[in-house]
Amino acid sequence: MDRAPKDRWDAMWAARLGTWDTKTDQLLANFYDKLIRLYSSGRAYHNLSHVMACLDELNTVTNLSAQSIFALKFAIFCHNAIYNINRFDNENRSAWLAVDFLFSIGISDGTAKQVQGLILATEHKSGVVLTPDQQLICDIDLVSLGQPPAIFDRYNQAIRREYSRYSDDEYAAGRVVLFEAFLQQPYIYHTLAFQQKYEQPARRNLQRAIAALQQSPQP
């Protein structure tokens, strides 16, 4: 198994706790294993690779002021832990999974609330007032939209595989609604750094994807 995720997990907790006792060590190991099982449950996009890509993106913007790097990293680890295409409360369930774990190892209520808010922000609801850290995790979560066309298409195809139970017409209709909602916003990305880097490529990708879906839904 790739050690990079575990290395990042351990480094995150070392920065937060410094040292910890045997009981905490076992709780950390058990929860990490649980996350790995969840992210490895046959997902084509919302998997561990997406988590690692988000952490990589966070590392590129460490110059941005963040209230809590630990909360951001832990929220990224947990934000898609629960993912069921038939439900609409995945972020809420993922947030409570994260919060319950933080309480189990004695992390403060304030940090737990930060993490909960960060994960809930990845619902990407329009019109919601976000803290700077919530804006940052939202932007990181949507980086795939602003990738070069070939990479965006590959991500898009992975999402289609996750929704394979839906017909082409059903899938196309849902994706067009989602993509048009993003395009109708003044900005897809909240922070200036992400707007400068990804806004225009994301809009071009979404417009191209909408045209393709409306012409001939992709399998």
# chains A, B, ... in the order shown; residues from 1 in each chain; ligands from 1
>>> select_by_dssp(residues="segment 31-144 of chain A", states="alpha helix (DSSP H)", output="number ranges by chain")
A: 31-39, 48-60, 69-78, 90-104, 109-121, 132-141
>>> residues_around(residues="Phe103 of chain A", least_positions_apart="5", cutoff="12 Å", atoms="only C-alpha atoms", output="PyMOL selection string")
chain A and resi 24+27+96-98+108-113+115-116
>>> closest_residue(among="A:Arg16, A:Lys73, A:Arg161, A:Arg154", to="Asn205 of chain A", atoms="only C-alpha atoms")
A:Arg154
>>> residues_around(residues="Ser65 of chain A", least_positions_apart="3", cutoff="10 Å", atoms="only C-alpha atoms", output="list in words")
Val61, Thr62, Ser68, Ile69, Pro132, Asp133 and Leu136 of chain A
>>> write_last_selection(atoms="C-alpha atoms", output="mmCIF file, in the first residue's frame")
data_model
loop_
_atom_site.group_PDB
_atom_site.id
_atom_site.type_symbol
_atom_site.label_atom_id
_atom_site.label_comp_id
_atom_site.auth_asym_id
_atom_site.auth_seq_id
_atom_site.Cartn_x
_atom_site.Cartn_y
_atom_site.Cartn_z
ATOM 1 C CA VAL A 61 -1.274 27.763 -1.057
ATOM 2 C CA THR A 62 0.359 27.643 2.356
ATOM 3 C CA SER A 68 -6.231 26.299 11.315
ATOM 4 C CA ILE A 69 -4.052 24.201 9.011
ATOM 5 C CA PRO A 132 -11.828 32.267 4.838
ATOM 6 C CA ASP A 133 -10.885 28.657 5.675
ATOM 7 C CA LEU A 136 -10.273 27.725 0.838
#
>>> residues_around(residues="Glu57 of chain A", least_positions_apart="4", cutoff="9 Å", atoms="only C-alpha atoms", output="list in words")
Met52, Ala53, Val61, Ile140 and Val143 of chain A
>>> write_last_selection(atoms="N, CA, C and O atoms", output="compact mmCIF listing (two decimals), in the first residue's frame")
# COMPACT_ATOMS: atom_id res chain seq x y z
N MET A 52 -5.76 12.97 -1.58
CA MET A 52 -4.34 13.32 -1.71
C MET A 52 -4.16 14.53 -2.63
O MET A 52 -3.32 15.40 -2.38
N ALA A 53 -4.95 14.60 -3.69
CA ALA A 53 -4.87 15.75 -4.60
C ALA A 53 -5.25 17.04 -3.87
O ALA A 53 -4.63 18.09 -4.08
N VAL A 61 -0.74 26.46 -1.47
CA VAL A 61 -1.27 27.76 -1.06
C VAL A 61 -1.03 28.01 0.43
O VAL A 61 -1.79 28.71 1.09
N ILE A 140 -10.34 24.29 -3.03
CA ILE A 140 -9.50 23.11 -3.19
C ILE A 140 -10.32 21.93 -3.71
O ILE A 140 -9.88 21.18 -4.59
N VAL A 143 -10.87 22.06 -7.58
CA VAL A 143 -9.72 22.27 -8.46
C VAL A 143 -9.84 21.44 -9.74
O VAL A 143 -9.38 21.87 -10.81
>>> closest_residue(among="A:Phe70, A:Gly106, A:Lys23, A:Asp139", to="Ala193 of chain A", atoms="only C-alpha atoms")
A:Asp139
>>> atom_distance(atom1="atom CA of Ala172 of chain A", atom2="atom CA of Leu213 of chain A")
5.5 Å
>>> atom_distance(atom1="atom CA of Tyr187 of chain A", atom2="atom CA of Arg43 of chain A")
28.9 Å
>>> residues_around(residues="segment 175-178 of chain A", least_positions_apart="3", cutoff="9 Å", atoms="only C-alpha atoms", output="list in words")
Glu170, Tyr171, Ala172, Ala181, Phe182, Leu183, Leu206, Ala209, Ile210, Ala211, Leu213 and Gln214 of chain A
>>> write_last_selection(atoms="N, CA and C atoms", output="PDB file, in the first residue's frame")
ATOM      1  N   GLU A 170     -30.664  10.653 -17.800  1.00  0.00           N
ATOM      2  CA  GLU A 170     -30.782  11.099 -16.409  1.00  0.00           C
ATOM      3  C   GLU A 170     -29.488  11.745 -15.942  1.00  0.00           C
ATOM      4  N   TYR A 171     -28.383  11.108 -16.257  1.00  0.00           N
ATOM      5  CA  TYR A 171     -27.087  11.640 -15.824  1.00  0.00           C
ATOM      6  C   TYR A 171     -26.815  12.994 -16.480  1.00  0.00           C
ATOM      7  N   ALA A 172     -27.043  13.073 -17.785  1.00  0.00           N
ATOM      8  CA  ALA A 172     -26.779  14.324 -18.502  1.00  0.00           C
ATOM      9  C   ALA A 172     -27.608  15.465 -17.935  1.00  0.00           C
ATOM     10  N   ALA A 181     -25.310  25.789 -12.792  1.00  0.00           N
ATOM     11  CA  ALA A 181     -25.361  26.494 -11.508  1.00  0.00           C
ATOM     12  C   ALA A 181     -24.005  27.105 -11.182  1.00  0.00           C
ATOM     13  N   PHE A 182     -22.934  26.372 -11.449  1.00  0.00           N
ATOM     14  CA  PHE A 182     -21.592  26.926 -11.240  1.00  0.00           C
ATOM     15  C   PHE A 182     -21.357  28.125 -12.144  1.00  0.00           C
ATOM     16  N   LEU A 183     -21.748  28.017 -13.404  1.00  0.00           N
ATOM     17  CA  LEU A 183     -21.495  29.088 -14.363  1.00  0.00           C
ATOM     18  C   LEU A 183     -22.303  30.338 -14.069  1.00  0.00           C
ATOM     19  N   LEU A 206     -16.514  23.661 -18.226  1.00  0.00           N
ATOM     20  CA  LEU A 206     -17.932  23.448 -17.944  1.00  0.00           C
ATOM     21  C   LEU A 206     -18.792  23.744 -19.165  1.00  0.00           C
ATOM     22  N   ALA A 209     -18.352  20.876 -21.504  1.00  0.00           N
ATOM     23  CA  ALA A 209     -19.016  19.677 -21.000  1.00  0.00           C
ATOM     24  C   ALA A 209     -20.530  19.770 -21.185  1.00  0.00           C
ATOM     25  N   ILE A 210     -21.095  20.957 -20.932  1.00  0.00           N
ATOM     26  CA  ILE A 210     -22.532  21.142 -21.134  1.00  0.00           C
ATOM     27  C   ILE A 210     -22.913  20.904 -22.583  1.00  0.00           C
ATOM     28  N   ALA A 211     -22.134  21.456 -23.493  1.00  0.00           N
ATOM     29  CA  ALA A 211     -22.422  21.278 -24.918  1.00  0.00           C
ATOM     30  C   ALA A 211     -22.379  19.806 -25.302  1.00  0.00           C
ATOM     31  N   LEU A 213     -22.823  17.202 -23.291  1.00  0.00           N
ATOM     32  CA  LEU A 213     -23.930  16.478 -22.647  1.00  0.00           C
ATOM     33  C   LEU A 213     -25.257  16.733 -23.343  1.00  0.00           C
ATOM     34  N   GLN A 214     -25.453  17.942 -23.786  1.00  0.00           N
ATOM     35  CA  GLN A 214     -26.714  18.275 -24.454  1.00  0.00           C
ATOM     36  C   GLN A 214     -26.798  17.691 -25.855  1.00  0.00           C
TER      37      GLN A 214
END
